[in-house]
>>> print(open('entry04.pdb').read())   # PDB, C-alpha atoms
ATOM      1  CA  MET L   1       1.313  69.904  55.788
ATOM      2  CA  ALA L   2      -1.827  71.840  56.563
ATOM      3  CA  SER L   3      -2.337  74.667  59.022
ATOM      4  CA  SER L   4      -5.095  77.033  59.925
ATOM      5  CA  PRO L   5      -4.680  80.712  59.008
ATOM      6  CA  PRO L   6      -3.797  83.148  61.797
ATOM      7  CA  ARG L   7      -6.537  83.863  64.365
ATOM      8  CA  SER L   8      -7.526  86.956  66.261
ATOM      9  CA  PRO L   9      -7.062  86.797  70.046
ATOM     10  CA  SER L  10     -10.772  86.050  70.498
ATOM     11  CA  GLN L  11     -10.347  82.948  68.377
ATOM     12  CA  SER L  12      -7.101  81.745  69.907
ATOM     13  CA  SER L  13      -8.822  78.917  71.769
ATOM     14  CA  SER L  14      -9.809  77.189  68.517
ATOM     15  CA  PRO L  15      -7.871  73.968  67.876
ATOM     16  CA  THR L  16      -4.946  74.322  65.477
ATOM     17  CA  PRO L  17      -3.843  71.474  63.190
ATOM     18  CA  PRO L  18      -0.337  70.424  64.270
ATOM     19  CA  THR L  19       1.233  70.476  60.809
ATOM     20  CA  SER L  20       1.418  72.862  57.858
ATOM     21  CA  TYR L  21       1.879  72.582  54.097
ATOM     22  CA  VAL L  22       3.776  74.976  51.883
ATOM     23  CA  THR L  23       4.194  75.300  48.148
ATOM     24  CA  HIS L  24       6.089  77.438  45.650
ATOM     25  CA  LEU L  25       4.130  80.392  44.253
ATOM     26  CA  PRO L  26       5.646  81.966  41.109
ATOM     27  CA  ILE L  27       5.919  85.735  41.258
ATOM     28  CA  ALA L  28       5.129  88.023  38.343
ATOM     29  CA  PRO L  29       8.061  88.586  35.952
ATOM     30  CA  SER L  30       9.970  91.773  36.697
ATOM     31  CA  SER L  31       9.708  92.920  33.084
ATOM     32  CA  PRO L  32       8.054  91.780  29.825
ATOM     33  CA  SER L  33      11.448  90.644  28.534
ATOM     34  CA  HIS L  34      11.559  88.042  31.301
ATOM     35  CA  SER L  35       7.982  86.818  30.830
ATOM     36  CA  SER L  36       8.869  83.877  28.587
ATOM     37  CA  GLU L  37      11.552  82.496  30.881
ATOM     38  CA  LYS L  38      10.824  79.010  32.164
ATOM     39  CA  ILE L  39       9.814  78.849  35.817
ATOM     40  CA  LEU L  40      12.379  77.273  38.123
ATOM     41  CA  GLU L  41      10.319  76.113  41.074
ATOM     42  CA  GLU L  42      13.169  76.050  43.558
ATOM     43  CA  GLU L  43      13.765  79.768  42.908
ATOM     44  CA  GLN L  44      10.173  80.745  43.653
ATOM     45  CA  PRO L  45       9.002  81.940  47.092
ATOM     46  CA  ARG L  46       7.370  79.401  49.374
ATOM     47  CA  VAL L  47       3.931  80.245  50.750
ATOM     48  CA  PRO L  48       1.640  78.456  53.210
ATOM     49  CA  ILE L  49      -1.419  76.458  52.216
ATOM     50  CA  TYR L  50      -4.280  77.064  54.642
ATOM     51  CA  ILE L  51      -7.274  74.765  55.016
ATOM     52  CA  VAL L  52     -10.304  76.902  55.802
ATOM     53  CA  THR L  53     -13.340  75.544  57.643
ATOM     54  CA  LYS L  54     -14.541  78.815  59.223
ATOM     55  CA  ALA L  55     -15.083  82.164  57.516
ATOM     56  CA  TYR L  56     -12.908  84.081  60.003
ATOM     57  CA  GLN L  57      -9.884  82.174  58.696
ATOM     58  CA  LEU L  58     -10.100  84.055  55.388
ATOM     59  CA  PRO L  59      -8.547  87.517  54.796
ATOM     60  CA  VAL L  60     -10.806  90.415  55.756
ATOM     61  CA  ASP L  61     -10.210  92.106  52.393
ATOM     62  CA  PHE L  62     -11.689  89.021  50.753
ATOM     63  CA  LEU L  63     -14.701  88.706  53.044
ATOM     64  CA  GLU L  64     -15.469  92.433  52.860
ATOM     65  CA  PRO L  65     -14.715  93.633  49.307
ATOM     66  CA  SER L  66     -14.212  97.354  48.859
ATOM     67  CA  PRO L  67     -12.894  99.757  46.210
ATOM     68  CA  GLN L  68     -10.124 100.732  48.628
ATOM     69  CA  SER L  69      -8.686  97.207  48.732
ATOM     70  CA  LYS L  70      -9.106  95.670  45.305
ATOM     71  CA  LEU L  71      -7.713  92.165  44.913
ATOM     72  CA  VAL L  72      -6.631  89.827  42.129
ATOM     73  CA  ILE L  73      -6.722  86.171  43.169
ATOM     74  CA  GLY L  74      -6.402  82.771  41.536
ATOM     75  CA  PHE L  75      -9.626  80.773  41.742
ATOM     76  CA  ASP L  76     -10.858  77.231  41.105
ATOM     77  CA  CYS L  77     -13.281  74.638  42.435
ATOM     78  CA  GLU L  78     -13.091  70.905  43.090
ATOM     79  CA  ALA L  79     -16.226  68.801  43.244
ATOM     80  CA  VAL L  80     -17.948  65.524  42.664
ATOM     81  CA  ASP L  81     -19.341  66.191  39.179
ATOM     82  CA  LEU L  82     -18.695  69.932  38.897
ATOM     83  CA  CYS L  83     -22.107  71.201  37.758
ATOM     84  CA  ARG L  84     -25.541  72.075  39.135
ATOM     85  CA  TYR L  85     -26.264  68.495  40.188
ATOM     86  CA  GLY L  86     -22.892  67.724  41.771
ATOM     87  CA  THR L  87     -21.339  68.383  45.182
ATOM     88  CA  LEU L  88     -18.934  71.266  45.623
ATOM     89  CA  CYS L  89     -16.035  70.138  47.819
ATOM     90  CA  ILE L  90     -13.282  72.786  47.769
ATOM     91  CA  ILE L  91     -12.853  76.360  46.589
ATOM     92  CA  GLN L  92      -9.187  77.240  45.991
ATOM     93  CA  LEU L  93      -8.033  80.833  46.403
ATOM     94  CA  ALA L  94      -4.490  81.905  45.496
ATOM     95  CA  PHE L  95      -3.268  85.158  47.028
ATOM     96  CA  PRO L  96       0.260  86.525  46.452
ATOM     97  CA  ASP L  97       1.328  85.363  49.912
ATOM     98  CA  ALA L  98      -0.795  82.254  50.584
ATOM     99  CA  ILE L  99      -3.173  79.679  49.177
ATOM    100  CA  TYR L 100      -6.498  79.037  50.894
ATOM    101  CA  LEU L 101      -8.440  75.805  50.428
ATOM    102  CA  VAL L 102     -12.022  76.593  51.440
ATOM    103  CA  ASP L 103     -13.445  73.277  52.607
ATOM    104  CA  ALA L 104     -17.104  73.123  51.567
ATOM    105  CA  ILE L 105     -17.500  69.652  53.069
ATOM    106  CA  GLU L 106     -16.392  70.646  56.575
ATOM    107  CA  GLY L 107     -17.497  74.283  56.477
ATOM    108  CA  GLY L 108     -20.800  73.655  54.746
ATOM    109  CA  LYS L 109     -23.230  76.178  53.310
ATOM    110  CA  VAL L 110     -22.439  78.827  55.923
ATOM    111  CA  LEU L 111     -18.783  78.975  54.853
ATOM    112  CA  ILE L 112     -19.522  79.126  51.128
ATOM    113  CA  GLU L 113     -22.172  81.798  51.601
ATOM    114  CA  ALA L 114     -19.587  83.871  53.474
ATOM    115  CA  CYS L 115     -17.577  83.856  50.232
ATOM    116  CA  LYS L 116     -20.532  85.093  48.160
ATOM    117  CA  PRO L 117     -19.817  88.857  48.408
ATOM    118  CA  ALA L 118     -16.263  88.299  47.161
ATOM    119  CA  LEU L 119     -17.220  85.946  44.332
ATOM    120  CA  GLU L 120     -19.863  88.397  43.102
ATOM    121  CA  SER L 121     -17.776  91.539  43.671
ATOM    122  CA  ASP L 122     -16.439  93.901  41.020
ATOM    123  CA  PHE L 123     -13.584  94.738  43.403
ATOM    124  CA  ILE L 124     -12.099  91.238  43.406
ATOM    125  CA  THR L 125     -10.803  89.833  40.118
ATOM    126  CA  LYS L 126     -11.012  86.050  39.998
ATOM    127  CA  VAL L 127      -8.414  84.493  37.688
ATOM    128  CA  ILE L 128      -9.603  81.061  36.588
ATOM    129  CA  HIS L 129      -9.084  78.599  33.761
ATOM    130  CA  ASP L 130     -12.464  77.720  32.180
ATOM    131  CA  CYS L 131     -15.073  79.142  34.552
ATOM    132  CA  LYS L 132     -18.231  77.648  33.026
ATOM    133  CA  ARG L 133     -18.860  74.626  35.244
ATOM    134  CA  ASP L 134     -17.500  76.329  38.378
ATOM    135  CA  SER L 135     -20.021  79.111  37.856
ATOM    136  CA  GLU L 136     -22.848  76.633  37.249
ATOM    137  CA  ALA L 137     -22.092  74.769  40.491
ATOM    138  CA  LEU L 138     -21.896  77.962  42.536
ATOM    139  CA  TYR L 139     -25.130  79.334  41.064
ATOM    140  CA  PHE L 140     -27.375  76.311  41.446
ATOM    141  CA  GLN L 141     -25.938  74.959  44.697
ATOM    142  CA  PHE L 142     -25.426  78.254  46.557
ATOM    143  CA  GLY L 143     -27.118  81.032  44.581
ATOM    144  CA  ILE L 144     -23.766  82.691  43.824
ATOM    145  CA  LYS L 145     -23.464  84.648  40.564
ATOM    146  CA  LEU L 146     -19.759  84.462  39.743
ATOM    147  CA  ASN L 147     -18.616  87.861  38.499
ATOM    148  CA  ASN L 148     -15.516  89.738  37.376
ATOM    149  CA  VAL L 149     -13.461  86.799  36.152
ATOM    150  CA  VAL L 150     -10.374  86.716  33.979
ATOM    151  CA  ASP L 151     -10.563  83.367  32.244
ATOM    152  CA  THR L 152      -7.086  82.320  31.105
ATOM    153  CA  GLN L 153      -8.583  79.917  28.572
ATOM    154  CA  ILE L 154     -10.301  82.853  26.860
ATOM    155  CA  ALA L 155      -7.231  85.063  27.224
ATOM    156  CA  TYR L 156      -5.040  82.434  25.570
ATOM    157  CA  SER L 157      -7.387  82.289  22.554
ATOM    158  CA  LEU L 158      -7.428  86.082  22.266
ATOM    159  CA  LEU L 159      -3.649  86.239  22.351
ATOM    160  CA  GLU L 160      -3.474  83.596  19.628
ATOM    161  CA  GLU L 161      -5.890  85.697  17.539
ATOM    162  CA  GLN L 162      -3.773  88.815  18.137
ATOM    163  CA  GLU L 163      -0.786  86.932  16.754
ATOM    164  CA  GLY L 164      -2.720  85.871  13.650
ATOM    165  CA  GLN L 165      -3.252  82.248  14.659
ATOM    166  CA  LYS L 166      -6.435  80.583  13.439
ATOM    167  CA  ARG L 167      -8.354  78.078  15.542
ATOM    168  CA  LEU L 168     -11.609  76.144  15.485
ATOM    169  CA  PRO L 169     -14.529  77.525  17.565
ATOM    170  CA  ASP L 170     -14.347  74.552  19.962
ATOM    171  CA  ASP L 171     -10.547  74.370  20.138
ATOM    172  CA  TYR L 172      -9.653  75.454  23.673
ATOM    173  CA  ILE L 173      -6.464  74.864  25.589
ATOM    174  CA  SER L 174      -6.510  72.900  28.856
ATOM    175  CA  LEU L 175      -4.800  74.129  32.016
ATOM    176  CA  VAL L 176      -2.190  71.407  31.623
ATOM    177  CA  GLY L 177      -1.550  72.568  28.053
ATOM    178  CA  LEU L 178      -1.304  76.195  29.143
ATOM    179  CA  LEU L 179       1.190  75.367  31.893
ATOM    180  CA  ALA L 180       3.297  73.400  29.422
ATOM    181  CA  ASP L 181       3.469  76.332  26.981
ATOM    182  CA  PRO L 182       6.997  77.798  27.355
ATOM    183  CA  ARG L 183       5.613  81.299  26.750
ATOM    184  CA  TYR L 184       3.766  81.122  30.082
ATOM    185  CA  CYS L 185       5.240  78.482  32.402
ATOM    186  CA  GLY L 186       6.927  75.668  30.540
ATOM    187  CA  LEU L 187       6.045  73.165  33.262
ATOM    188  CA  SER L 188       4.869  69.571  33.022
ATOM    189  CA  HIS L 189       1.887  69.086  35.322
ATOM    190  CA  VAL L 190       2.516  65.353  35.833
ATOM    191  CA  ASP L 191       0.709  65.035  39.166
ATOM    192  CA  LYS L 192      -2.550  66.153  37.549
ATOM    193  CA  GLU L 193      -2.805  62.933  35.561
ATOM    194  CA  GLU L 194      -2.317  60.872  38.725
ATOM    195  CA  VAL L 195      -5.307  62.585  40.328
ATOM    196  CA  ARG L 196      -7.376  62.123  37.167
ATOM    197  CA  VAL L 197      -6.740  58.385  37.381
ATOM    198  CA  LEU L 198      -7.891  58.371  41.009
ATOM    199  CA  LEU L 199     -11.008  60.355  40.084
ATOM    200  CA  ARG L 200     -11.905  57.843  37.393
ATOM    201  CA  GLN L 201     -11.494  55.043  39.920
ATOM    202  CA  ASP L 202     -13.462  56.864  42.631
ATOM    203  CA  PRO L 203     -15.591  59.911  41.670
ATOM    204  CA  ASN L 204     -16.011  60.740  45.391
ATOM    205  CA  PHE L 205     -12.268  61.417  45.722
ATOM    206  CA  TRP L 206     -12.701  65.078  46.780
ATOM    207  CA  THR L 207     -15.236  64.288  49.523
ATOM    208  CA  TYR L 208     -12.872  62.344  51.782
ATOM    209  CA  ARG L 209     -11.619  63.950  54.984
ATOM    210  CA  PRO L 210      -9.135  64.672  56.338
ATOM    211  CA  LEU L 211      -7.581  65.927  53.127
ATOM    212  CA  SER L 212      -4.527  63.890  52.183
ATOM    213  CA  GLU L 213      -1.210  65.477  51.255
ATOM    214  CA  GLN L 214      -1.857  64.542  47.632
ATOM    215  CA  MET L 215      -5.300  66.200  47.673
ATOM    216  CA  ILE L 216      -3.920  69.379  49.255
ATOM    217  CA  HIS L 217      -1.082  69.786  46.776
ATOM    218  CA  SER L 218      -3.255  68.858  43.796
ATOM    219  CA  ALA L 219      -5.843  71.472  44.763
ATOM    220  CA  ALA L 220      -3.131  74.106  45.319
ATOM    221  CA  ASP L 221      -1.467  73.266  41.995
ATOM    222  CA  ASP L 222      -4.635  74.219  40.117
ATOM    223  CA  VAL L 223      -4.372  77.844  41.283
ATOM    224  CA  ARG L 224      -0.778  78.601  42.257
ATOM    225  CA  PHE L 225       0.348  79.485  38.709
ATOM    226  CA  LEU L 226      -2.713  81.550  37.778
ATOM    227  CA  LEU L 227      -1.502  84.923  39.063
ATOM    228  CA  TYR L 228       1.841  84.487  37.287
ATOM    229  CA  ILE L 229       0.053  83.675  34.010
ATOM    230  CA  TYR L 230      -2.426  86.512  34.556
ATOM    231  CA  HIS L 231       0.291  89.185  34.753
ATOM    232  CA  GLN L 232       1.938  87.897  31.592
ATOM    233  CA  MET L 233      -1.301  87.791  29.630
ATOM    234  CA  MET L 234      -2.539  91.200  30.748
ATOM    235  CA  ALA L 235       0.749  92.765  29.624
ATOM    236  CA  LYS L 236       0.282  91.345  26.111
ATOM    237  CA  LEU L 237      -3.458  91.851  25.480
ATOM    238  CA  ASN L 238      -4.421  94.978  23.536
ATOM    239  CA  GLU L 239      -7.415  97.168  24.413
ATOM    240  CA  ARG L 240      -9.804  95.390  22.053
ATOM    241  CA  SER L 241      -8.818  91.982  23.370
ATOM    242  CA  LEU L 242      -9.195  93.169  26.965
ATOM    243  CA  TRP L 243     -12.786  94.166  26.242
ATOM    244  CA  HIS L 244     -13.488  90.812  24.584
ATOM    245  CA  LEU L 245     -11.915  89.094  27.588
ATOM    246  CA  ALA L 246     -14.276  90.878  29.986
ATOM    247  CA  VAL L 247     -17.391  90.229  27.896
ATOM    248  CA  ARG L 248     -16.629  86.602  27.128
ATOM    249  CA  GLY L 249     -15.745  85.956  30.760
ATOM    250  CA  ALA L 250     -19.141  87.328  31.806
ATOM    251  CA  LEU L 251     -20.916  85.219  29.178
ATOM    252  CA  TYR L 252     -18.995  82.101  30.188
ATOM    253  CA  CYS L 253     -20.036  82.633  33.806
ATOM    254  CA  ARG L 254     -23.720  82.589  32.905
ATOM    255  CA  CYS L 255     -23.782  80.152  29.976
ATOM    256  CA  PHE L 256     -24.858  77.124  32.072
ATOM    257  CA  CYS L 257     -26.820  79.199  34.596
ATOM    258  CA  VAL L 258     -30.070  79.314  32.648
ATOM    259  CA  ASN L 259     -32.939  80.969  34.501
ATOM    260  CA  SER L 260     -36.417  82.243  33.721
ATOM    261  CA  ASN L 261     -35.671  85.980  33.871
ATOM    262  CA  ASP L 262     -33.099  86.188  31.077
ATOM    263  CA  TYR L 263     -30.256  86.933  33.546
ATOM    264  CA  ALA L 264     -31.946  90.117  34.757
ATOM    265  CA  ASP L 265     -30.472  89.611  38.239
ATOM    266  CA  TRP L 266     -26.913  89.192  36.894
ATOM    267  CA  PRO L 267     -24.448  92.088  36.497
ATOM    268  CA  SER L 268     -24.731  93.840  33.142
ATOM    269  CA  LEU L 269     -22.220  93.033  30.421
ATOM    270  CA  PRO L 270     -19.291  95.452  29.986
ATOM    271  CA  PRO L 271     -20.152  98.158  27.437
ATOM    272  CA  ILE L 272     -17.958  98.833  24.420
ATOM    273  CA  PRO L 273     -15.393 101.479  25.443
ATOM    274  CA  ASP L 274     -15.607 104.757  23.532
ATOM    275  CA  MET L 275     -11.975 104.452  22.467
ATOM    276  CA  LEU L 276     -12.839 101.222  20.594
ATOM    277  CA  ASN L 277     -15.947 102.589  18.926
ATOM    278  CA  ILE L 278     -14.354 105.220  16.720
ATOM    279  CA  ASP L 279     -16.143 105.959  13.404
ATOM    280  CA  GLY L 280     -18.519 103.063  14.030
ATOM    281  CA  ASN L 281     -15.671 100.584  13.680
ATOM    282  CA  GLY L 282     -16.050  99.043  17.130
ATOM    283  CA  PRO L 283     -15.986  95.387  18.131
ATOM    284  CA  GLU L 284     -18.791  93.080  17.027
ATOM    285  CA  GLU L 285     -21.637  92.367  19.426
ATOM    286  CA  GLU L 286     -21.309  89.123  21.349
ATOM    287  CA  ILE L 287     -24.388  86.989  21.981
ATOM    288  CA  LEU L 288     -25.112  84.048  24.275
ATOM    289  CA  SER L 289     -27.751  81.662  22.943
ATOM    290  CA  VAL L 290     -28.917  78.689  25.010
ATOM    291  CA  LEU L 291     -30.795  75.741  23.520
ATOM    292  CA  ASP L 292     -32.767  73.549  25.950
ATOM    293  CA  VAL L 293     -32.772  70.008  24.615
ATOM    294  CA  PRO L 294     -35.279  67.489  26.079
ATOM    295  CA  PRO L 295     -33.994  64.004  26.882
ATOM    296  CA  GLY L 296     -33.724  61.802  23.816
ATOM    297  CA  LYS L 297     -33.731  64.716  21.352
ATOM    298  CA  MET L 298     -30.011  65.397  21.131
ATOM    299  CA  GLY L 299     -29.889  63.543  17.819
ATOM    300  CA  CYS L 300     -32.058  66.254  16.275
ATOM    301  CA  ILE L 301     -29.462  68.851  17.218
ATOM    302  CA  ILE L 302     -26.549  66.784  15.944
ATOM    303  CA  GLY L 303     -28.303  65.903  12.684
ATOM    304  CA  LYS L 304     -27.384  63.301  10.108
ATOM    305  CA  LYS L 305     -23.621  62.751  10.224
ATOM    306  CA  GLY L 306     -23.334  65.845  12.410
ATOM    307  CA  ALA L 307     -24.714  68.201   9.748
ATOM    308  CA  SER L 308     -26.883  70.275  12.106
ATOM    309  CA  ILE L 309     -24.297  70.787  14.795
ATOM    310  CA  MET L 310     -21.681  71.702  12.189
ATOM    311  CA  ALA L 311     -24.072  74.269  10.730
ATOM    312  CA  ILE L 312     -24.446  75.832  14.190
ATOM    313  CA  LYS L 313     -20.693  75.973  14.586
ATOM    314  CA  GLU L 314     -20.340  77.538  11.143
ATOM    315  CA  SER L 315     -22.864  80.237  12.012
ATOM    316  CA  CYS L 316     -20.762  81.142  15.050
ATOM    317  CA  LYS L 317     -17.912  82.139  12.738
ATOM    318  CA  GLN L 318     -19.928  84.892  11.082
ATOM    319  CA  SER L 319     -19.740  88.625  11.783
ATOM    320  CA  THR L 320     -21.388  88.529  15.215
ATOM    321  CA  PHE L 321     -19.609  86.427  17.804
ATOM    322  CA  ILE L 322     -22.252  83.972  19.023
ATOM    323  CA  TYR L 323     -21.987  81.468  21.879
ATOM    324  CA  VAL L 324     -24.417  78.590  21.490
ATOM    325  CA  VAL L 325     -24.820  76.481  24.616
ATOM    326  CA  ILE L 326     -26.640  73.192  24.176
ATOM    327  CA  LEU L 327     -28.191  72.299  27.513
ATOM    328  CA  VAL L 328     -29.674  68.838  27.920
ATOM    329  CA  VAL L 329     -32.627  68.988  30.328
ATOM    330  CA  HIS L 330     -32.670  66.032  32.749
TER     331      HIS L 330
END
>>> encode(input="entry04.pdb", output="structure tokens")
Amino acid sequence: MASSPPRSPSQSSSPTPPTSYVTHLPIAPSSPSHSSEKILEEEQPRVPIYIVTKAYQLPVDFLEPSPQSKLVIGFDCEAVDLCRYGTLCIIQLAFPDAIYLVDAIEGGKVLIEACKPALESDFITKVIHDCKRDSEALYFQFGIKLNNVVDTQIAYSLLEEQEGQKRLPDDYISLVGLLADPRYCGLSHVDKEEVRVLLRQDPNFWTYRPLSEQMIHSAADDVRFLLYIYHQMMAKLNERSLWHLAVRGALYCRCFCVNSNDYADWPSLPPIPDMLNIDGNGPEEEILSVLDVPPGKMGCIIGKKGASIMAIKESCKQSTFIYVVILVVH
């Protein structure tokens, strides 16, 4: 059941929804030896879920980022067609003591723009699973350059590489798959499939108000495990992988945000740390390459029986780590 976050005395006259929702929020494991234990939901602390329609309902440390109050939060977006052309509906924020559902439909542009300093800040780490389309929607719909993300999809791949596992360049784990992995959560995210069915039946699902109980819990479920997973992954990643995580996260944020100034107005990519660049044996450079494809020309990129696209993928396996983004221009 949904409630508004606490108000200051000057805001006490604002109407308060009569009910509130709560959910279980897994806490970080007390030690690495406990990190692979399966989560038992009933043993996890219960935290409120707040529906936010006004900026003042968000924590001050989020609205006013500073080096004195650095934050790590879970982050996700819900939308009708999550991309530049879609409609952003909800931004989910998971804090250690609460989950905030920022309602872009009710709060509008003013509310989302109030979140811009936090989403662009170096002082707030946004933990997200696959940030590419979220970043694209925020950039083209609101001019927000998503920054300082820890993408758990990237982190999972880096951990697999650390452990000697080989994977294909386009083989990425879904959030449902990550949650099911016993090394991280070991949970079956059954409700997610129910919402996917509803989305296929009605793509405008996330635009309807008031938010139903199912919508509230589904949105909260997409972020409430992220901080738990984050702490486990960060404890296992080595220094080289941590650098790759930062660089690839930055590249993922901008990969669908093509502009005419070659990302000059975006934050610079993290430099290679001196400790990793000993005797010239540092990490390989990572490159983002974007191909604009006019309508009707995608076949030229794919090639006969997929030969061209496979050649591109093969080139990405070479010494320099290259991201090739194929962007179809509408």
>>> resolve_selection(input="entry04.pdb", expression="the PyMOL selection byres ((chain L and resi 59-67) around 6)", output="PyMOL selection string")
chain L and resi 58+68-70+118+123
>>> residues_around(input="entry04.pdb", residues="Gly74 in chain L", least_positions_apart="6", cutoff="9 Å", atoms="only C-alpha atoms", output="list in words")
Gln92, Leu93, Ala94, Phe95, Ile99, Thr125, Lys126, Val127, Ile128, Asp222, Val223, Arg224, Phe225, Leu226, Leu227 and Tyr230 of chain L
>>> write_last_selection(input="entry04.pdb", atoms="C-alpha atoms", output="PDB file, in the frame of the given file")
ATOM      1  CA  GLN L  92      -9.187  77.240  45.991  1.00  0.00           C
ATOM      2  CA  LEU L  93      -8.033  80.833  46.403  1.00  0.00           C
ATOM      3  CA  ALA L  94      -4.490  81.905  45.496  1.00  0.00           C
ATOM      4  CA  PHE L  95      -3.268  85.158  47.028  1.00  0.00           C
ATOM      5  CA  ILE L  99      -3.173  79.679  49.177  1.00  0.00           C
ATOM      6  CA  THR L 125     -10.803  89.833  40.118  1.00  0.00           C
ATOM      7  CA  LYS L 126     -11.012  86.050  39.998  1.00  0.00           C
ATOM      8  CA  VAL L 127      -8.414  84.493  37.688  1.00  0.00           C
ATOM      9  CA  ILE L 128      -9.603  81.061  36.588  1.00  0.00           C
ATOM     10  CA  ASP L 222      -4.635  74.219  40.117  1.00  0.00           C
ATOM     11  CA  VAL L 223      -4.372  77.844  41.283  1.00  0.00           C
ATOM     12  CA  ARG L 224      -0.778  78.601  42.257  1.00  0.00           C
ATOM     13  CA  PHE L 225       0.348  79.485  38.709  1.00  0.00           C
ATOM     14  CA  LEU L 226      -2.713  81.550  37.778  1.00  0.00           C
ATOM     15  CA  LEU L 227      -1.502  84.923  39.063  1.00  0.00           C
ATOM     16  CA  TYR L 230      -2.426  86.512  34.556  1.00  0.00           C
TER      17      TYR L 230
END
>>> closest_residue(input="entry04.pdb", among="L:Asn148, L:Ser212, L:Gln44, L:Thr87", to="Pro270 in chain L", atoms="only C-alpha atoms")
L:Asn148
>>> residues_around(input="entry04.pdb", residues="range 129-138 of chain L", least_positions_apart="2", cutoff="6 Å", atoms="only C-alpha atoms", output="PyMOL selection string")
chain L and resi 82-84+140-142+144+146+151-153+252-253+256-257
>>> write_last_selection(input="entry04.pdb", atoms="C-alpha atoms", output="mmCIF file, keeping the file's coordinate frame")
data_model
loop_
_atom_site.group_PDB
_atom_site.id
_atom_site.type_symbol
_atom_site.label_atom_id
_atom_site.label_comp_id
_atom_site.auth_asym_id
_atom_site.auth_seq_id
_atom_site.Cartn_x
_atom_site.Cartn_y
_atom_site.Cartn_z
ATOM 1 C CA LEU L 82 -18.695 69.932 38.897
ATOM 2 C CA CYS L 83 -22.107 71.201 37.758
ATOM 3 C CA ARG L 84 -25.541 72.075 39.135
ATOM 4 C CA PHE L 140 -27.375 76.311 41.446
ATOM 5 C CA GLN L 141 -25.938 74.959 44.697
ATOM 6 C CA PHE L 142 -25.426 78.254 46.557
ATOM 7 C CA ILE L 144 -23.766 82.691 43.824
ATOM 8 C CA LEU L 146 -19.759 84.462 39.743
ATOM 9 C CA ASP L 151 -10.563 83.367 32.244
ATOM 10 C CA THR L 152 -7.086 82.320 31.105
ATOM 11 C CA GLN L 153 -8.583 79.917 28.572
ATOM 12 C CA TYR L 252 -18.995 82.101 30.188
ATOM 13 C CA CYS L 253 -20.036 82.633 33.806
ATOM 14 C CA PHE L 256 -24.858 77.124 32.072
ATOM 15 C CA CYS L 257 -26.820 79.199 34.596
#
>>> resolve_selection(input="entry04.pdb", expression="the PyMOL selection byres ((chain L and resi 173) around 10)", output="PDB file with C-alpha atoms, in the coordinates of the input")
ATOM      1  CA  HIS L 129      -9.084  78.599  33.761  1.00  0.00           C
ATOM      2  CA  ASP L 130     -12.464  77.720  32.180  1.00  0.00           C
ATOM      3  CA  THR L 152      -7.086  82.320  31.105  1.00  0.00           C
ATOM      4  CA  GLN L 153      -8.583  79.917  28.572  1.00  0.00           C
ATOM      5  CA  ILE L 154     -10.301  82.853  26.860  1.00  0.00           C
ATOM      6  CA  TYR L 156      -5.040  82.434  25.570  1.00  0.00           C
ATOM      7  CA  SER L 157      -7.387  82.289  22.554  1.00  0.00           C
ATOM      8  CA  ASP L 170     -14.347  74.552  19.962  1.00  0.00           C
ATOM      9  CA  ASP L 171     -10.547  74.370  20.138  1.00  0.00           C
ATOM     10  CA  TYR L 172      -9.653  75.454  23.673  1.00  0.00           C
ATOM     11  CA  SER L 174      -6.510  72.900  28.856  1.00  0.00           C
ATOM     12  CA  LEU L 175      -4.800  74.129  32.016  1.00  0.00           C
ATOM     13  CA  VAL L 176      -2.190  71.407  31.623  1.00  0.00           C
ATOM     14  CA  GLY L 177      -1.550  72.568  28.053  1.00  0.00           C
ATOM     15  CA  LEU L 178      -1.304  76.195  29.143  1.00  0.00           C
ATOM     16  CA  LEU L 179       1.190  75.367  31.893  1.00  0.00           C
TER      17      LEU L 179
END
>>> residues_around(input="entry04.pdb", residues="His217 in chain L", least_positions_apart="2", cutoff="12 Å", atoms="only C-alpha atoms", output="ChimeraX atom specification")
/L:1-2,20-24,48-51,92,99-101,189,191-192,195,211-215,219-224
>>> atom_distance(input="entry04.pdb", atom1="CA of Pro210 in chain L", atom2="CA of Ser188 in chain L")
27.6 Å
>>> closest_residue(input="entry04.pdb", among="L:Ala114, L:Val258, L:Ile90, L:Leu245", to="Met233 in chain L", atoms="all atoms listed in the file")
L:Leu245
>>> closest_residue(input="entry04.pdb", among="L:Glu106, L:Asp122, L:Asp81, L:Asp76", to="Leu199 in chain L", atoms="all atoms listed in the file")
L:Asp81
>>> resolve_selection(input="entry04.pdb", expression="the PyMOL selection byres ((chain L and resi 236-244) around 9)", output="number ranges by chain")
L: 32, 154-155, 158-159, 162, 231-235, 245-249, 270-273, 275-276, 282-283, 286
>>> atom_distance(input="entry04.pdb", atom1="CA of Leu119 in chain L", atom2="CA of Asp97 in chain L")
19.4 Å
>>> atom_distance(input="entry04.pdb", atom1="CA of Glu120 in chain L", atom2="CA of Leu25 in chain L")
25.3 Å
>>> axis_aligned_box(input="entry04.pdb", around="range 96-103 of chain L", padding_each_side="3 Å", output="JSON")
{"center_x": -6.1, "center_y": 79.9, "center_z": 49.5, "size_x": 20.8, "size_y": 19.2, "size_z": 12.2}
>>> closest_residue(input="entry04.pdb", among="L:Asn147, L:Ser268, L:Asn261, L:Asn204", to="Ile105 in chain L", atoms="all atoms listed in the file")
L:Asn204
